[in-house]
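Let me begin by presenting the structure, written as structure tokens, before commenting on it.
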Amino acid sequence: DAGITQSPRYKITETGRQVTLMCHQTWSHSYMFWYRQDLGHGLRLIYYSAAADITDKGEVPDGYVVSRSKTENFPLTLESATRSQTSVYFCASSALAYEQYFGPGTRLTVT
Amino acid sequence: EDQVTQSPEALRLQEGESSSLNCSYTVSGLRGLFWYRQDPGKGPEFLFTLYSAGEEKEKERLKATLTKKESFLHITAPKPEDSATYLCAVLANSGGYQKVTFGTGTKLQVIP
């Protein structure tokens with residue numbers, strides 16, 4: 001089915017481990033985004049990508065790495081997870097960086 | 001620094017009781033203002049984009065308006081299925097690139 005998917009939907013990991021969150025969209029949208037959502041902070045942009053092989057930092061990029069070798073995929077890697085990275089992570093895509101379409105989210109817990 | 005403030009934080013309405021949600025913003029170089037609906041455990045769902053002061057958009061019981069300092073989401077005769085968190089976001093020019101800033105949302109509960 002067309003749309004934007006995220007995997008896994010739930011993840012528990014330990015402090016210091018590397019973890020990768022996956023995002024896949026079938027619309028061929030140019031732009032893709034990663035956000036985290038925490039109580040009291042709303043959605044905060046981690047990284048975004050304007051096209052394959054083009055990525056840039058958002059508001060809270062420290063501790064995260066992204067890549068985009070294909071238009072449809074935009075994985076987010078936590079190189080060494082910390083408890084402060086416990087959050088709900090949303091991926092979004094957009095044709096023109098205006099209205100964004102969000103995935104269902106990944107709830108990550110770092111113990 | 002760009003700021004987006006939504007009020008109230010939470011709103012409880014009786015079914016059929018119309019009201020408005022507010023989104024006030026302080027940004028330079030506004031390119032667009034967006035409204036999203038978010039249900040528990042799900043990603044935000046796009047509702048509207050407004051580009052300039054005076055613009056209005058409608059969808060079913062929802063109507064969004066925009067001024068130079070704020071936007072309102074008017075909900076007419078709400079139903080229980082309108083219960084959700086409503087998010088506002090602005091797209092603005094910031095240091096040579098375009099930046100999206102989200103508000104923290106208004107949690108709406110509509111009681112039958």
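For the structure tokens, the naming scheme is as follows: chains receive sequential letters (A, B, ...) according to their order of presentation, residues are indexed from 1 within each chain, and ligands are indexed from 1 in presentation order.
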Set the cut-off to 6 Å and count only C-alpha atoms: what are the residues of chain B that reach chain A? Output as a CSV table (one decimal) with N, CA, C and O atoms, in the first residue's frame.
```csv
chain,number,residue,atom,x,y,z
B,42,LYS,N,-0.6,7.7,17.3
B,42,LYS,CA,-0.5,7.8,15.8
B,42,LYS,C,0.3,9.0,15.4
B,42,LYS,O,0.6,9.9,16.3
B,43,GLY,N,0.8,9.1,14.2
B,43,GLY,CA,1.5,10.2,13.7
B,43,GLY,C,0.5,11.3,13.4
B,43,GLY,O,-0.7,11.1,13.1
B,44,PRO,N,1.0,12.6,13.3
B,44,PRO,CA,0.1,13.7,13.0
B,44,PRO,C,-0.4,13.5,11.6
B,44,PRO,O,0.2,13.0,10.7
B,102,PHE,N,7.0,23.5,15.4
B,102,PHE,CA,5.8,23.0,15.9
B,102,PHE,C,5.4,23.6,17.2
B,102,PHE,O,6.3,23.8,18.1
B,104,THR,N,3.1,22.9,20.9
B,104,THR,CA,3.0,21.7,21.7
B,104,THR,C,1.6,21.2,21.7
B,104,THR,O,1.3,20.1,22.2
```
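Residues in contact with Arg37 in chain B at up to 9 Å, not including ones fewer than 2 positions away on its chain and judged by only C-alpha atoms, are Trp35, Asp39, Gly43, Pro44, Glu45, Phe46, Leu47, Ala84, Thr85, Tyr86, Leu87 and Cys88 of chain B.
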- [ ] Determine, counting only C-alpha atoms, which protein, DNA and RNA residues have an atom within 8 Å of an atom of Pro8 in chain A; residues of the same chain fewer than 3 positions away are not included. Present the result as a VMD selection string.
- [x] chain A and resid 11 21 to 22 106
TODO: Please provide as a VMD selection string all residues within 9 Å of Leu78 in chain A, with the sequence filter that same-chain residues fewer than 2 positions apart are discarded (counting only C-alpha atoms).
DONE: chain A and resid 17 to 21 63 to 66 76 80 to 82 85
TODO: Any chance you could list, as a list in words, the residues in range 66-99 of chain B that come up strand (DSSP E) when DSSP is run on the backbone?
DONE: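 Matching residues for strand (DSSP E) in range 66-99 of chain B are Leu66, Glu70, Ser71, Phe72, Leu73, His74, Ile75, Ala84, Thr85, Tyr86, Leu87, Cys88, Ala89, Val90, Leu91, Ala92, Asn93, Ser94, Tyr97, Gln98 and Lys99 of chain B.
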Task: Long-range neighbours of Thr71 in chain A as a PyMOL selection string, 12 Å cut-off, only C-alpha atoms, 5 positions minimum in chain - done: chain A and resi 23-32+49-55+93-95
Task: Gap from CA of Tyr48 in chain A to CA of Arg36 in chain A - Å, one decimal - done: 12.3 Å
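The coordinates place CA of Pro78 in chain B at 8.0 Å from CA of Leu13 in chain B.
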Open item on the list: Which residue is closest to Glu79 in chain A? Choose from A:Asp62, A:Gly3, A:Ile46, A:Leu96 and count only C-alpha atoms.
Closed with: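 Checking each candidate against Glu79 in chain A, we get A:Asp62 as the closest.
Shortest separation to Gln38 in chain B among B:Thr5, B:Gly103, B:Ser83, B:Gln109 occurs at residue B:Ser83, atoms counted being only C-alpha atoms.
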Task: Counting only C-alpha atoms, the residue of A:Phe33, A:Tyr10, A:Leu108, A:Glu72 that sits nearest Asp56 in chain A - done: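 Comparing A:Phe33, A:Tyr10, A:Leu108, A:Glu72 against Asp56 in chain A, the winner is A:Phe33.
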Open item on the list: I'd like the neighbourhood of Cys23 in chain B as a count of residues only, where a residue qualifies if any of its atoms comes within 12 Å (using only C-alpha atoms), though same-chain residues fewer than 4 positions away should be ignored.
Closed with: 33
- [ ] Measure the distance from CA of Ser87 in chain A to CA of Thr5 in chain A in Å and round it to one decimal.
- [x] 17.7 Å
Task: Exercise: Lys79 in chain B partners within 9 Å, only C-alpha atoms, chain neighbours under 6 positions left out, as an NGL selection string - done: :B and (14-17 or 61 or 110-112)
Residues from last step as file, all heavy atoms, as a PDB file, in the first residue's frame:
```
ATOM      1  N   GLN B  14     -18.692  19.977  25.238  1.00  0.00           N
ATOM      2  CA  GLN B  14     -19.845  19.104  25.055  1.00  0.00           C
ATOM      3  C   GLN B  14     -20.081  18.962  23.553  1.00  0.00           C
ATOM      4  O   GLN B  14     -19.791  19.869  22.758  1.00  0.00           O
ATOM      5  CB  GLN B  14     -21.087  19.700  25.700  1.00  0.00           C
ATOM      6  CG  GLN B  14     -21.087  19.702  27.228  1.00  0.00           C
ATOM      7  CD  GLN B  14     -21.134  18.292  27.787  1.00  0.00           C
ATOM      8  OE1 GLN B  14     -20.317  17.915  28.629  1.00  0.00           O
ATOM      9  NE2 GLN B  14     -22.104  17.508  27.338  1.00  0.00           N
ATOM     10  N   GLU B  15     -20.599  17.836  23.158  1.00  0.00           N
ATOM     11  CA  GLU B  15     -20.944  17.631  21.755  1.00  0.00           C
ATOM     12  C   GLU B  15     -21.852  18.756  21.296  1.00  0.00           C
ATOM     13  O   GLU B  15     -22.838  19.083  21.959  1.00  0.00           O
ATOM     14  CB  GLU B  15     -21.634  16.278  21.574  1.00  0.00           C
ATOM     15  CG  GLU B  15     -21.952  15.943  20.130  1.00  0.00           C
ATOM     16  CD  GLU B  15     -22.441  14.514  19.971  1.00  0.00           C
ATOM     17  OE1 GLU B  15     -22.567  13.807  20.991  1.00  0.00           O
ATOM     18  OE2 GLU B  15     -22.701  14.105  18.829  1.00  0.00           O
ATOM     19  N   GLY B  16     -21.503  19.388  20.155  1.00  0.00           N
ATOM     20  CA  GLY B  16     -22.296  20.474  19.624  1.00  0.00           C
ATOM     21  C   GLY B  16     -21.870  21.851  20.090  1.00  0.00           C
ATOM     22  O   GLY B  16     -22.355  22.863  19.557  1.00  0.00           O
ATOM     23  N   GLU B  17     -20.962  21.919  21.075  1.00  0.00           N
ATOM     24  CA  GLU B  17     -20.522  23.200  21.627  1.00  0.00           C
ATOM     25  C   GLU B  17     -19.333  23.723  20.829  1.00  0.00           C
ATOM     26  O   GLU B  17     -18.203  23.234  20.950  1.00  0.00           O
ATOM     27  CB  GLU B  17     -20.131  23.024  23.098  1.00  0.00           C
ATOM     28  CG  GLU B  17     -19.644  24.285  23.777  1.00  0.00           C
ATOM     29  CD  GLU B  17     -19.118  24.015  25.178  1.00  0.00           C
ATOM     30  OE1 GLU B  17     -19.100  22.830  25.613  1.00  0.00           O
ATOM     31  OE2 GLU B  17     -18.689  24.986  25.836  1.00  0.00           O
ATOM     32  N   ARG B  61     -16.240  20.091   9.849  1.00  0.00           N
ATOM     33  CA  ARG B  61     -16.564  20.969  10.978  1.00  0.00           C
ATOM     34  C   ARG B  61     -15.407  21.905  11.351  1.00  0.00           C
ATOM     35  O   ARG B  61     -15.528  22.681  12.307  1.00  0.00           O
ATOM     36  CB  ARG B  61     -16.956  20.126  12.188  1.00  0.00           C
ATOM     37  CG  ARG B  61     -18.241  19.334  11.972  1.00  0.00           C
ATOM     38  CD  ARG B  61     -18.534  18.432  13.155  1.00  0.00           C
ATOM     39  NE  ARG B  61     -17.565  17.350  13.296  1.00  0.00           N
ATOM     40  CZ  ARG B  61     -17.543  16.254  12.563  1.00  0.00           C
ATOM     41  NH1 ARG B  61     -18.458  16.084  11.630  1.00  0.00           N
ATOM     42  NH2 ARG B  61     -16.626  15.321  12.750  1.00  0.00           N
ATOM     43  N   VAL B 110     -14.154  15.926  23.293  1.00  0.00           N
ATOM     44  CA  VAL B 110     -15.561  16.233  23.051  1.00  0.00           C
ATOM     45  C   VAL B 110     -16.405  15.163  23.731  1.00  0.00           C
ATOM     46  O   VAL B 110     -16.308  13.978  23.401  1.00  0.00           O
ATOM     47  CB  VAL B 110     -15.870  16.286  21.543  1.00  0.00           C
ATOM     48  CG1 VAL B 110     -17.342  16.650  21.332  1.00  0.00           C
ATOM     49  CG2 VAL B 110     -14.964  17.284  20.846  1.00  0.00           C
ATOM     50  N   ILE B 111     -17.226  15.622  24.666  1.00  0.00           N
ATOM     51  CA  ILE B 111     -18.021  14.705  25.484  1.00  0.00           C
ATOM     52  C   ILE B 111     -19.401  14.519  24.860  1.00  0.00           C
ATOM     53  O   ILE B 111     -20.050  15.506  24.516  1.00  0.00           O
ATOM     54  CB  ILE B 111     -18.188  15.270  26.912  1.00  0.00           C
ATOM     55  CG1 ILE B 111     -16.840  15.706  27.479  1.00  0.00           C
ATOM     56  CG2 ILE B 111     -18.877  14.261  27.826  1.00  0.00           C
ATOM     57  CD1 ILE B 111     -15.854  14.593  27.618  1.00  0.00           C
ATOM     58  N   PRO B 112     -19.867  13.262  24.714  1.00  0.00           N
ATOM     59  CA  PRO B 112     -21.196  13.027  24.114  1.00  0.00           C
ATOM     60  C   PRO B 112     -22.313  13.605  24.971  1.00  0.00           C
ATOM     61  O   PRO B 112     -22.189  13.682  26.192  1.00  0.00           O
ATOM     62  CB  PRO B 112     -21.302  11.496  24.052  1.00  0.00           C
ATOM     63  CG  PRO B 112     -19.930  10.989  24.269  1.00  0.00           C
ATOM     64  CD  PRO B 112     -19.163  12.027  25.026  1.00  0.00           C
TER      65      PRO B 112
END
```
